[in-house]
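Q: Sharing entry12.cif (mmCIF, C-alpha atoms and all ligand atoms) below.
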```cif
data_query
loop_
_atom_site.label_atom_id
_atom_site.label_comp_id
_atom_site.auth_asym_id
_atom_site.auth_seq_id
_atom_site.Cartn_x
_atom_site.Cartn_y
_atom_site.Cartn_z
CA MET A 1 3.79 12.70 -21.10
CA SER A 2 6.83 14.40 -22.63
CA LYS A 3 7.58 17.49 -20.61
CA ASP A 4 10.42 19.92 -20.35
CA ARG A 5 11.93 19.10 -16.96
CA LYS A 6 15.10 20.21 -15.30
CA TRP A 7 16.49 18.01 -12.55
CA GLN A 8 18.82 20.37 -10.67
CA LEU A 9 16.27 21.01 -7.93
CA PRO A 10 18.08 22.46 -4.93
CA VAL A 11 16.49 20.40 -2.16
CA LEU A 12 15.27 17.46 -4.20
CA LEU A 13 16.91 14.16 -4.96
CA VAL A 14 16.09 12.44 -8.25
CA ALA A 15 16.15 8.67 -8.62
CA SER A 16 14.99 6.52 -11.51
CA VAL A 17 15.19 2.78 -12.27
CA LEU A 18 13.27 0.59 -14.75
CA ALA A 19 11.55 -2.65 -13.63
CA VAL A 20 8.32 -4.64 -13.35
CA LEU A 21 4.69 -3.69 -13.89
CA MET A 22 2.57 -3.40 -10.77
CA SER A 23 -0.57 -5.40 -10.10
CA LEU A 24 -3.84 -3.67 -10.99
CA SER A 25 -6.06 -5.46 -8.48
CA GLY A 26 -8.77 -3.47 -6.75
CA CYS A 27 -8.97 -0.81 -9.44
CA SER A 28 -11.68 -0.24 -12.00
CA ARG A 29 -11.52 1.40 -15.42
CA LYS A 30 -13.15 4.79 -15.79
CA ASP A 31 -13.26 5.08 -19.59
CA SER A 32 -12.60 2.64 -22.46
CA SER A 33 -12.30 -1.14 -22.11
CA GLU A 34 -9.00 -3.09 -22.44
CA SER A 35 -9.90 -4.24 -25.95
CA GLU A 36 -10.23 -0.64 -27.17
CA LYS A 37 -6.67 0.18 -26.13
CA PRO A 38 -4.10 0.30 -28.96
CA ALA A 39 -1.51 -2.51 -28.66
CA VAL A 40 1.62 -1.29 -26.89
CA SER A 41 4.84 -3.31 -26.86
CA GLN A 42 6.45 -4.09 -23.51
CA GLU A 43 9.40 -1.90 -24.48
CA ASP A 44 7.13 1.07 -25.29
CA GLU A 45 5.24 0.58 -22.06
CA ALA A 46 8.49 0.61 -20.08
CA THR A 47 9.60 3.79 -21.84
CA GLN A 48 6.23 5.42 -21.18
CA LYS A 49 6.57 4.53 -17.50
CA GLN A 50 10.08 5.96 -17.34
CA ASN A 51 8.64 9.25 -18.53
CA ILE A 52 6.22 9.37 -15.60
CA VAL A 53 7.52 11.52 -12.79
CA ILE A 54 6.26 11.37 -9.21
CA GLY A 55 6.88 14.25 -6.81
CA PHE A 56 7.16 12.72 -3.32
CA SER A 57 6.98 14.97 -0.25
CA GLN A 58 7.94 13.12 2.93
CA ILE A 59 7.62 14.53 6.47
CA GLY A 60 11.17 13.80 7.61
CA ALA A 61 13.12 10.98 9.22
CA GLU A 62 11.85 11.03 12.81
CA SER A 63 11.78 7.25 13.37
CA ALA A 64 12.93 3.89 12.00
CA TRP A 65 9.31 3.52 10.88
CA ARG A 66 9.63 6.67 8.75
CA TRP A 67 12.91 5.49 7.18
CA CYS A 68 11.22 2.28 6.15
CA ASN A 69 8.22 4.18 4.80
CA THR A 70 10.44 6.42 2.63
CA GLU A 71 12.37 3.41 1.34
CA SER A 72 9.18 1.48 0.61
CA ILE A 73 7.81 4.30 -1.56
CA GLN A 74 11.12 4.93 -3.35
CA LYS A 75 11.79 1.25 -4.05
CA ALA A 76 8.25 0.59 -5.23
CA ALA A 77 8.50 3.56 -7.63
CA GLU A 78 11.79 2.26 -8.97
CA ALA A 79 10.40 -1.24 -9.32
CA ALA A 80 7.42 0.10 -11.24
CA GLY A 81 9.70 2.03 -13.57
CA TYR A 82 8.66 5.52 -12.46
CA GLN A 83 10.98 8.42 -11.81
CA ILE A 84 10.65 9.90 -8.35
CA ILE A 85 11.64 13.30 -7.01
CA TYR A 86 12.03 13.03 -3.24
CA SER A 87 11.77 15.93 -0.81
CA ASN A 88 12.39 15.59 2.95
CA ALA A 89 10.48 18.35 4.80
CA GLU A 90 12.44 17.95 8.03
CA GLN A 91 9.26 18.06 10.13
CA LYS A 92 8.09 21.43 8.75
CA GLN A 93 4.74 21.93 7.03
CA GLU A 94 6.06 25.01 5.21
CA ASN A 95 8.78 22.86 3.60
CA GLN A 96 6.12 20.45 2.38
CA ILE A 97 4.10 23.29 0.88
CA LYS A 98 7.25 24.59 -0.87
CA ALA A 99 8.02 21.10 -2.18
CA ILE A 100 4.50 20.67 -3.58
CA ARG A 101 4.78 24.07 -5.28
CA SER A 102 8.11 22.98 -6.85
CA PHE A 103 6.47 19.80 -8.09
CA ILE A 104 3.75 21.90 -9.72
CA VAL A 105 6.33 24.15 -11.39
CA TYR A 106 8.20 21.08 -12.67
CA LYS A 107 4.96 19.63 -13.98
CA VAL A 108 5.29 16.23 -12.35
CA ASP A 109 2.66 13.68 -13.36
CA VAL A 110 1.52 12.75 -9.84
CA ILE A 111 2.14 14.16 -6.38
CA VAL A 112 2.48 11.70 -3.51
CA PHE A 113 2.54 13.40 -0.15
CA ILE A 114 2.43 12.59 3.54
CA PRO A 115 0.89 15.49 5.45
CA ILE A 116 2.64 16.14 8.75
CA VAL A 117 -0.55 17.70 10.17
CA LYS A 118 -4.20 17.64 9.11
CA ASP A 119 -4.93 21.33 8.51
CA GLY A 120 -3.65 23.93 6.09
CA TRP A 121 -3.40 22.13 2.76
CA ASP A 122 -6.39 23.42 0.77
CA ASN A 123 -4.62 26.30 -1.02
CA VAL A 124 -1.64 24.34 -2.26
CA LEU A 125 -3.81 21.37 -3.25
CA LYS A 126 -6.08 23.72 -5.22
CA GLU A 127 -2.96 24.87 -7.08
CA ALA A 128 -2.16 21.23 -7.90
CA ARG A 129 -5.74 20.64 -9.04
CA ASP A 130 -5.66 23.77 -11.24
CA ALA A 131 -2.47 22.41 -12.82
CA ASN A 132 -4.26 19.06 -13.42
CA ILE A 133 -1.79 17.14 -11.26
CA PRO A 134 -3.44 14.32 -9.30
CA VAL A 135 -2.48 14.01 -5.63
CA ILE A 136 -2.27 10.78 -3.62
CA ILE A 137 -2.25 11.31 0.15
CA VAL A 138 -0.26 8.67 2.00
CA ASP A 139 0.00 7.49 5.62
CA ARG A 140 -1.60 10.51 7.33
CA MET A 141 -4.84 12.19 6.29
CA ILE A 142 -5.77 15.85 5.79
CA ASN A 143 -8.73 17.84 7.02
CA THR A 144 -10.69 19.26 4.11
CA SER A 145 -14.29 19.76 3.10
CA ASP A 146 -13.33 19.41 -0.58
CA ASP A 147 -12.46 15.83 -1.44
CA SER A 148 -11.84 16.74 -5.08
CA LEU A 149 -8.46 18.05 -3.87
CA TYR A 150 -6.99 14.54 -3.85
CA ALA A 151 -7.43 11.42 -5.93
CA GLY A 152 -7.15 8.96 -3.06
CA TYR A 153 -5.66 8.12 0.31
CA VAL A 154 -3.44 5.11 1.09
CA GLY A 155 -2.40 4.52 4.68
CA THR A 156 -3.09 3.55 8.18
CA ASP A 157 -6.34 3.28 10.15
CA SER A 158 -5.11 5.22 13.17
CA TYR A 159 -8.53 5.25 14.83
CA GLY A 160 -8.56 1.45 14.52
CA GLU A 161 -5.07 1.32 16.06
CA GLY A 162 -6.28 3.26 19.11
CA ARG A 163 -9.21 0.88 19.43
CA LYS A 164 -6.93 -2.16 19.19
CA ALA A 165 -4.77 -0.76 22.02
CA ALA A 166 -7.91 -0.31 24.14
CA SER A 167 -9.17 -3.76 23.28
CA PHE A 168 -5.88 -5.30 24.50
CA LEU A 169 -6.46 -3.60 27.87
CA LEU A 170 -10.09 -4.71 28.08
CA ASN A 171 -9.00 -8.33 27.61
CA ARG A 172 -5.95 -8.12 29.85
CA TYR A 173 -7.89 -6.63 32.75
CA ALA A 174 -11.10 -8.62 32.23
CA GLY A 175 -12.50 -9.69 35.59
CA GLN A 176 -10.49 -7.08 37.53
CA ASP A 177 -12.27 -4.09 39.03
CA GLY A 178 -9.69 -1.33 38.84
CA PRO A 179 -9.42 1.59 38.80
CA PHE A 180 -6.31 1.54 36.57
CA ASN A 181 -4.44 4.73 35.82
CA ILE A 182 -3.09 5.40 32.34
CA LEU A 183 -0.34 7.72 31.14
CA GLU A 184 -0.56 8.51 27.43
CA ILE A 185 2.30 9.81 25.26
CA ARG A 186 0.80 11.24 22.10
CA GLY A 187 2.27 11.69 18.62
CA THR A 188 2.68 14.96 16.72
CA GLU A 189 0.11 17.57 17.69
CA GLY A 190 -2.47 18.14 14.92
CA SER A 191 -1.51 15.01 12.95
CA SER A 192 -4.29 12.68 11.85
CA VAL A 193 -2.51 9.64 13.30
CA ALA A 194 -2.09 11.14 16.78
CA ASP A 195 -5.71 12.32 16.75
CA GLY A 196 -6.98 8.96 15.47
CA ARG A 197 -5.05 6.96 18.08
CA TYR A 198 -6.21 9.37 20.80
CA GLU A 199 -9.88 9.12 19.81
CA GLY A 200 -9.92 5.38 19.03
CA PHE A 201 -8.27 4.59 22.37
CA ARG A 202 -10.83 6.62 24.31
CA GLU A 203 -13.73 5.20 22.33
CA GLY A 204 -12.48 1.66 22.99
CA LEU A 205 -12.15 2.29 26.73
CA SER A 206 -15.52 4.01 27.03
CA LYS A 207 -17.19 0.58 27.47
CA THR A 208 -15.99 0.56 31.09
CA SER A 209 -15.22 3.13 33.78
CA LYS A 210 -12.29 1.24 35.31
CA PHE A 211 -9.59 2.98 33.24
CA ASN A 212 -8.60 6.59 33.93
CA ILE A 213 -6.30 8.48 31.58
CA VAL A 214 -4.68 10.64 34.25
CA TYR A 215 -2.00 12.31 32.13
CA SER A 216 -1.45 12.84 28.39
CA GLU A 217 1.40 14.71 26.68
CA SER A 218 2.71 14.97 23.11
CA GLY A 219 6.14 13.47 22.46
CA ASP A 220 6.07 14.38 18.75
CA PHE A 221 6.77 10.75 17.72
CA MET A 222 10.44 11.25 18.74
CA ARG A 223 12.55 8.86 20.81
CA SER A 224 14.29 11.80 22.53
CA ARG A 225 10.91 13.18 23.63
CA GLY A 226 9.77 9.81 25.04
CA LYS A 227 12.92 9.80 27.15
CA GLU A 228 12.46 13.42 28.18
CA ILE A 229 8.81 12.98 29.23
CA ALA A 230 9.77 10.01 31.43
CA GLN A 231 12.63 12.00 32.96
CA ASN A 232 10.38 14.97 33.71
CA LEU A 233 7.64 12.83 35.23
CA PHE A 234 9.64 10.22 37.16
CA GLY A 235 13.10 11.79 37.47
CA LYS A 236 12.64 13.13 40.99
CA THR A 237 11.09 10.12 42.72
CA HIS A 238 12.13 7.23 40.42
CA LYS A 239 8.60 6.00 41.12
CA LEU A 240 5.65 5.53 38.76
CA LEU A 241 3.80 8.52 40.16
CA VAL A 242 2.23 11.42 38.27
CA ASN A 243 0.68 14.18 40.38
CA GLY A 244 0.64 11.73 43.28
CA GLN A 245 -1.25 9.09 41.28
CA LYS A 246 0.23 5.64 40.63
CA ILE A 247 0.58 4.83 36.92
CA ASP A 248 -0.46 1.27 35.99
CA ILE A 249 -0.39 1.51 32.20
CA ILE A 250 1.49 3.57 29.59
CA PHE A 251 0.04 3.94 26.10
CA SER A 252 2.61 5.45 23.74
CA HIS A 253 1.58 6.43 20.20
CA ASN A 254 4.76 5.04 18.60
CA ASP A 255 7.73 2.75 19.16
CA ALA A 256 10.36 5.47 18.93
CA MET A 257 8.88 7.28 21.97
CA THR A 258 8.31 3.95 23.74
CA LEU A 259 11.94 2.90 23.32
CA GLY A 260 13.14 6.23 24.74
CA LEU A 261 10.74 5.81 27.64
CA LEU A 262 11.90 2.21 28.36
CA GLU A 263 15.50 3.36 28.55
CA THR A 264 14.64 5.93 31.24
CA LEU A 265 12.39 3.61 33.24
CA GLU A 266 15.16 1.01 33.39
CA GLU A 267 17.69 3.65 34.49
CA TYR A 268 15.36 4.38 37.42
CA GLY A 269 15.08 0.71 38.35
CA ILE A 270 11.48 0.46 37.12
CA LYS A 271 10.74 -2.76 35.20
CA PRO A 272 8.70 -1.95 32.07
CA GLY A 273 6.21 -4.68 31.19
CA LYS A 274 6.07 -5.82 34.83
CA ASP A 275 5.84 -2.78 37.14
CA VAL A 276 3.86 -0.98 34.46
CA VAL A 277 1.99 -2.32 31.43
CA ILE A 278 3.31 -0.84 28.17
CA ILE A 279 1.36 -0.55 24.91
CA SER A 280 3.00 0.85 21.80
CA VAL A 281 2.22 1.36 18.11
CA ASP A 282 4.27 0.56 14.95
CA ALA A 283 5.87 -2.88 15.56
CA GLU A 284 9.46 -1.97 14.72
CA GLN A 285 11.90 -4.86 15.22
CA ALA A 286 13.23 -3.28 18.44
CA ALA A 287 9.70 -3.16 19.87
CA ILE A 288 9.00 -6.78 18.89
CA ASP A 289 12.26 -7.75 20.63
CA ALA A 290 11.06 -5.85 23.71
CA VAL A 291 7.77 -7.81 23.64
CA LYS A 292 9.81 -11.03 23.53
CA GLU A 293 11.85 -9.80 26.52
CA GLY A 294 8.67 -8.97 28.44
CA LYS A 295 9.35 -5.21 28.45
CA ILE A 296 6.43 -4.25 26.19
CA ASN A 297 3.08 -5.97 26.68
CA CYS A 298 1.43 -5.13 23.37
CA VAL A 299 2.39 -3.52 20.05
CA VAL A 300 -0.26 -2.50 17.56
CA GLU A 301 1.18 -2.67 14.08
CA CYS A 302 1.28 0.42 11.88
CA ASN A 303 2.56 -0.83 8.54
CA PRO A 304 5.08 1.51 6.85
CA LYS A 305 5.35 -0.63 3.68
CA GLN A 306 2.84 1.45 1.76
CA GLY A 307 4.90 1.86 -1.44
CA PRO A 308 3.55 -1.02 -3.57
CA THR A 309 -0.09 0.02 -2.96
CA VAL A 310 0.75 3.65 -3.70
CA MET A 311 2.32 2.60 -7.02
CA GLU A 312 -0.79 0.58 -7.92
CA MET A 313 -2.71 3.83 -7.46
CA VAL A 314 -0.22 5.78 -9.59
CA ASN A 315 -0.48 3.12 -12.28
CA SER A 316 -4.28 3.32 -12.25
CA ILE A 317 -4.30 7.11 -12.42
CA MET A 318 -1.81 7.11 -15.30
CA ASN A 319 -4.09 4.69 -17.16
CA GLY A 320 -7.13 6.88 -16.58
CA TRP A 321 -8.72 4.43 -14.14
CA SER A 322 -10.48 5.49 -10.96
CA ILE A 323 -8.94 4.66 -7.60
CA PRO A 324 -10.67 4.11 -4.24
CA LYS A 325 -10.94 7.25 -2.12
CA SER A 326 -9.47 5.41 0.90
CA THR A 327 -7.29 2.31 1.02
CA TYR A 328 -6.08 0.98 4.37
CA ILE A 329 -2.97 -1.19 4.61
CA PRO A 330 -3.69 -4.34 6.71
CA GLU A 331 -2.29 -4.26 10.25
CA VAL A 332 -2.13 -6.76 13.13
CA VAL A 333 -1.44 -6.78 16.89
CA PHE A 334 1.51 -8.45 18.67
CA HIS A 335 1.29 -9.15 22.39
CA GLU A 336 2.91 -10.80 25.39
CA HIS A 337 0.77 -13.95 25.26
CA GLU A 338 1.83 -15.13 21.80
CA ASP A 339 4.91 -16.94 20.54
CA LEU A 340 6.79 -14.45 18.36
CA SER A 341 9.88 -16.63 17.89
CA GLN A 342 8.98 -17.54 14.29
CA LEU A 343 8.13 -13.98 13.22
CA GLN A 344 9.99 -12.84 10.09
CA PRO A 345 12.39 -9.91 10.63
CA ARG A 346 10.37 -6.74 10.38
CA GLY A 347 12.80 -4.78 8.17
CA TYR A 348 12.43 -1.61 10.24
O1 LIG B 1 2.30 8.49 10.62
C1 LIG B 1 2.73 7.29 11.14
C2 LIG B 1 3.55 7.52 12.39
O2 LIG B 1 4.59 8.43 12.11
C3 LIG B 1 4.22 6.29 12.95
O3 LIG B 1 3.47 5.67 13.95
C4 LIG B 1 5.42 6.92 13.57
O4 LIG B 1 6.40 6.05 14.00
C5 LIG B 1 5.81 7.88 12.54
O5 LIG B 1 6.75 8.79 12.93
#
```
Show this structure as structure tokens.
A:
Amino acid sequence: MSKDRKWQLPVLLVASVLAVLMSLSGCSRKDSSESEKPAVSQEDEATQKQNIVIGFSQIGAESAWRWCNTESIQKAAEAAGYQIIYSNAEQKQENQIKAIRSFIVYKVDVIVFIPIVKDGWDNVLKEARDANIPVIIVDRMINTSDDSLYAGYVGTDSYGEGRKAASFLLNRYAGQDGPFNILEIRGTEGSSVADGRYEGFREGLSKTSKFNIVYSESGDFMRSRGKEIAQNLFGKTHKLLVNGQKIDIIFSHNDAMTLGLLETLEEYGIKPGKDVVIISVDAEQAAIDAVKEGKINCVVECNPKQGPTVMEMVNSIMNGWSIPKSTYIPEVVFHEHEDLSQLQPRGY
């Protein structure tokens, strides 16, 4: 693993700390058995781990969720004793491509990256493959016909999240005829999570014809955009009307946009959670608090704490073991009809 590396990368921040070994559960060996491995002292193992460098390309810092996600990956790398080079792409795919190319030039051992959108990664990932650098895709997925371009994916089941949002509505409106009109605020255009939530939600609702999605717009996962969309739609009348149609339900693809939207609705004298049913995704602390206050009716969790699982994968790869092609982090649903008073602080 000894490589000639220079750390004065212009846009990259280097952090390294030594700590505990990560659990190996769920992973299988590809080559020799444990007993064939030469004995390595704990000290040597720690030193070997310190020499492992992860290049980590993050999308940006668009939400509290994203901050937590970045911290989870950085802390888990530190705890596992790996060095990590962090690059924040500030919401630009071209910055992510540049970062991955820098990681290749610096000969990192593993690339961990969160693709802002699905398309456009094949060329740079081929370059990583040609340089024999394994890639772990985290949180969002890419669109590719060549699955040899990445070792594995760790993240969220966004299609399942859309289905869970739909299933909340099916239960809440069971026995009522409708029709019920839905306004949808989508996440970043072209991202796997926005597409998954969009498709899963529609698939879940397709069991009945009583729900109509009458308007859908992308808010780019940003709080400011959630606010802006609500202002544009309801600013003139201060009523829950879109193109003359009454809105009964709002499905927002993340908490940041939902919180911006709630602020605007309240300014207009509209009571979220009562005058209009609100469903959100992520389960940030602020959204859980809003469920407790009756302002959000349902939050589908999207778990940002992906770091420990990602480091298990890095550990496996560094040991020559195979990793699963897809690993989903468990996620639950929080809603208005449950007692959330004992819930542990979310940490994001
Ligand atoms: O990719 C996960 C999504 O991205 C989260 O739902 C959102 O909050 C984040 O910005």
Q: Could you list, as a PyMOL selection string, all the residues within 6 Å of ligand LIG 1 (chain B), counting only C-alpha atoms and all ligand atoms?
A: chain A and resi 62-63+65-66+139-140+193+221+254+282
Q: Store the residues picked out above, limited to C-alpha atoms, as a short mmCIF file (atom, residue, chain, number, x, y, z; two decimals), keeping the file's coordinate frame.
A:
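Contents of again_18.cif, as written:
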```cif
data_model
loop_
_atom_site.label_atom_id
_atom_site.label_comp_id
_atom_site.auth_asym_id
_atom_site.auth_seq_id
_atom_site.Cartn_x
_atom_site.Cartn_y
_atom_site.Cartn_z
CA GLU A 62 11.85 11.03 12.81
CA SER A 63 11.78 7.25 13.37
CA TRP A 65 9.31 3.52 10.88
CA ARG A 66 9.63 6.67 8.75
CA ASP A 139 0.00 7.49 5.62
CA ARG A 140 -1.60 10.51 7.33
CA VAL A 193 -2.51 9.64 13.30
CA PHE A 221 6.77 10.75 17.72
CA ASN A 254 4.76 5.04 18.60
CA ASP A 282 4.27 0.56 14.95
#
```
Q: What are the nearest atom pairs, with distances in Å to one decimal, for all residues of range 177-249 of chain A that come at most 6 Å from range 151-167 of chain A, using all atoms listed in the file, set out by chain and rising residue number as a tab-separated table?
A:
```
residue	atom	partner	partner_atom	distance
A:Val193	CA	A:Ser158	CA	5.1
A:Gly196	CA	A:Tyr159	CA	4.1
A:Arg197	CA	A:Gly162	CA	4.0
A:Gly200	CA	A:Gly162	CA	4.2
A:Phe201	CA	A:Gly162	CA	4.0
A:Gly204	CA	A:Arg163	CA	4.9
A:Leu205	CA	A:Ala166	CA	5.6
```
Q: I'd like to know which of A:Trp67, A:Tyr348, A:Phe56, A:Tyr82 is closest to Arg101 in chain A, using only C-alpha atoms.
A: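 Selected residue with least distance to Arg101 in chain A: A:Phe56.
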Q: Residues at most 10 Å from Thr144 in chain A, counting all atoms listed in the file, excluding those fewer than 5 positions away in the same chain, as a list of chain:residue names?
A: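 So, after excluding close chain neighbours, the residues are A:Lys118, A:Asp119, A:Gly120, A:Trp121, A:Asp122, A:Leu149, A:Tyr150.
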Q: Find the residue from A:Lys107, A:Lys305, A:Lys227, A:Lys207 that sits nearest to Glu263 in chain A; use all atoms listed in the file when measuring.
A: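 Closest to Glu263 in chain A, using all atoms listed in the file: A:Lys227.
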Q: Please, what distance in Å, to one decimal, runs between CA of Lys210 in chain A and CA of Gly187 in chain A?
A: 24.5 Å
Q: For a test of reading the model, state the distance in Å between CA of Thr258 in chain A and CA of Leu233 in chain A, rounded to one decimal.
A: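 Straight-line distance from CA of Thr258 in chain A to CA of Leu233 in chain A works out to 14.5 Å.
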Q: Report, in Å with one decimal, the straight-line distance from CA of Gly244 in chain A to CA of Gly269 in chain A.
A: 18.8 Å
Q: The residues within 10 Å of (-2.7, 20.5, -4.7), using all atoms listed in the file and the coordinates of the file, should be reported as a PyMOL selection string; which are they?
A: chain A and resi 97+100-101+103-104+111+113+121-136+148-150
Q: Go through A:Gln42, A:Ser252, A:Asn69, A:Asn315 one by one, measure the shortest atom-to-atom distance of each to Asn297 in chain A using all atoms listed in the file, and give the residue with the smallest value.
A: A:Ser252
Q: Is there a way to get, as a list in words, all residues within 9 Å of the point (0.8, 15.4, 14.8) in file coordinates, counting all atoms listed in the file?
A: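 With a cut-off of 9 Å, the residues come to Ile116, Val117, Lys118, Arg186, Gly187, Thr188, Glu189, Gly190, Ser191, Ser192, Val193, Ala194, Asp195, Ser218, Asp220 and Phe221 of chain A.
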Q: Please export range 267-275 of chain A as a PDB file, in the first residue's frame, restricted to all heavy atoms.
A:
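Just written: result_16.pdb:
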```
ATOM      1  N   GLU A 267     -47.018  31.714   7.145  1.00  0.00           N
ATOM      2  CA  GLU A 267     -47.086  33.170   6.880  1.00  0.00           C
ATOM      3  C   GLU A 267     -48.419  33.545   6.243  1.00  0.00           C
ATOM      4  O   GLU A 267     -48.939  34.631   6.451  1.00  0.00           O
ATOM      5  CB  GLU A 267     -45.982  33.580   5.899  1.00  0.00           C
ATOM      6  CG  GLU A 267     -44.669  33.962   6.543  1.00  0.00           C
ATOM      7  CD  GLU A 267     -43.567  34.073   5.492  1.00  0.00           C
ATOM      8  OE1 GLU A 267     -43.854  34.465   4.340  1.00  0.00           O
ATOM      9  OE2 GLU A 267     -42.423  33.727   5.833  1.00  0.00           O
ATOM     10  N   TYR A 268     -48.963  32.634   5.430  1.00  0.00           N
ATOM     11  CA  TYR A 268     -50.220  32.913   4.710  1.00  0.00           C
ATOM     12  C   TYR A 268     -51.461  32.525   5.528  1.00  0.00           C
ATOM     13  O   TYR A 268     -52.580  32.520   5.006  1.00  0.00           O
ATOM     14  CB  TYR A 268     -50.263  32.157   3.375  1.00  0.00           C
ATOM     15  CG  TYR A 268     -49.173  32.566   2.395  1.00  0.00           C
ATOM     16  CD1 TYR A 268     -48.836  31.751   1.317  1.00  0.00           C
ATOM     17  CD2 TYR A 268     -48.480  33.771   2.530  1.00  0.00           C
ATOM     18  CE1 TYR A 268     -47.845  32.107   0.423  1.00  0.00           C
ATOM     19  CE2 TYR A 268     -47.481  34.131   1.644  1.00  0.00           C
ATOM     20  CZ  TYR A 268     -47.164  33.291   0.601  1.00  0.00           C
ATOM     21  OH  TYR A 268     -46.179  33.649  -0.277  1.00  0.00           O
ATOM     22  N   GLY A 269     -51.227  32.104   6.764  1.00  0.00           N
ATOM     23  CA  GLY A 269     -52.358  31.723   7.611  1.00  0.00           C
ATOM     24  C   GLY A 269     -52.917  30.338   7.296  1.00  0.00           C
ATOM     25  O   GLY A 269     -54.020  29.980   7.724  1.00  0.00           O
ATOM     26  N   ILE A 270     -52.156  29.556   6.550  1.00  0.00           N
ATOM     27  CA  ILE A 270     -52.585  28.172   6.244  1.00  0.00           C
ATOM     28  C   ILE A 270     -51.960  27.255   7.303  1.00  0.00           C
ATOM     29  O   ILE A 270     -50.765  27.377   7.596  1.00  0.00           O
ATOM     30  CB  ILE A 270     -52.115  27.754   4.821  1.00  0.00           C
ATOM     31  CG1 ILE A 270     -52.740  28.674   3.772  1.00  0.00           C
ATOM     32  CG2 ILE A 270     -52.434  26.284   4.552  1.00  0.00           C
ATOM     33  CD1 ILE A 270     -52.142  28.549   2.381  1.00  0.00           C
ATOM     34  N   LYS A 271     -52.754  26.353   7.865  1.00  0.00           N
ATOM     35  CA  LYS A 271     -52.230  25.469   8.921  1.00  0.00           C
ATOM     36  C   LYS A 271     -51.756  24.150   8.313  1.00  0.00           C
ATOM     37  O   LYS A 271     -52.574  23.276   7.998  1.00  0.00           O
ATOM     38  CB  LYS A 271     -53.318  25.188   9.962  1.00  0.00           C
ATOM     39  CG  LYS A 271     -53.718  26.396  10.776  1.00  0.00           C
ATOM     40  CD  LYS A 271     -54.584  25.941  11.954  1.00  0.00           C
ATOM     41  CE  LYS A 271     -55.290  27.103  12.602  1.00  0.00           C
ATOM     42  NZ  LYS A 271     -56.432  27.616  11.828  1.00  0.00           N
ATOM     43  N   PRO A 272     -50.405  23.977   8.206  1.00  0.00           N
ATOM     44  CA  PRO A 272     -49.914  22.705   7.666  1.00  0.00           C
ATOM     45  C   PRO A 272     -50.239  21.569   8.633  1.00  0.00           C
ATOM     46  O   PRO A 272     -50.187  21.738   9.847  1.00  0.00           O
ATOM     47  CB  PRO A 272     -48.391  22.922   7.569  1.00  0.00           C
ATOM     48  CG  PRO A 272     -48.080  24.062   8.481  1.00  0.00           C
ATOM     49  CD  PRO A 272     -49.316  24.897   8.577  1.00  0.00           C
ATOM     50  N   GLY A 273     -50.558  20.417   8.077  1.00  0.00           N
ATOM     51  CA  GLY A 273     -50.901  19.260   8.927  1.00  0.00           C
ATOM     52  C   GLY A 273     -52.387  19.207   9.233  1.00  0.00           C
ATOM     53  O   GLY A 273     -52.892  18.158   9.634  1.00  0.00           O
ATOM     54  N   LYS A 274     -53.080  20.354   9.047  1.00  0.00           N
ATOM     55  CA  LYS A 274     -54.525  20.389   9.335  1.00  0.00           C
ATOM     56  C   LYS A 274     -55.286  20.789   8.071  1.00  0.00           C
ATOM     57  O   LYS A 274     -56.134  20.038   7.583  1.00  0.00           O
ATOM     58  CB  LYS A 274     -54.822  21.374  10.466  1.00  0.00           C
ATOM     59  CG  LYS A 274     -54.181  20.876  11.747  1.00  0.00           C
ATOM     60  CD  LYS A 274     -54.558  21.611  12.980  1.00  0.00           C
ATOM     61  CE  LYS A 274     -53.913  20.945  14.191  1.00  0.00           C
ATOM     62  NZ  LYS A 274     -52.434  20.902  14.163  1.00  0.00           N
ATOM     63  N   ASP A 275     -54.955  21.986   7.526  1.00  0.00           N
ATOM     64  CA  ASP A 275     -55.622  22.415   6.287  1.00  0.00           C
ATOM     65  C   ASP A 275     -55.128  21.581   5.097  1.00  0.00           C
ATOM     66  O   ASP A 275     -55.815  21.462   4.081  1.00  0.00           O
ATOM     67  CB  ASP A 275     -55.324  23.895   6.001  1.00  0.00           C
ATOM     68  CG  ASP A 275     -55.866  24.793   7.105  1.00  0.00           C
ATOM     69  OD1 ASP A 275     -56.809  24.372   7.791  1.00  0.00           O
ATOM     70  OD2 ASP A 275     -55.337  25.910   7.280  1.00  0.00           O
TER      71      ASP A 275
END
```
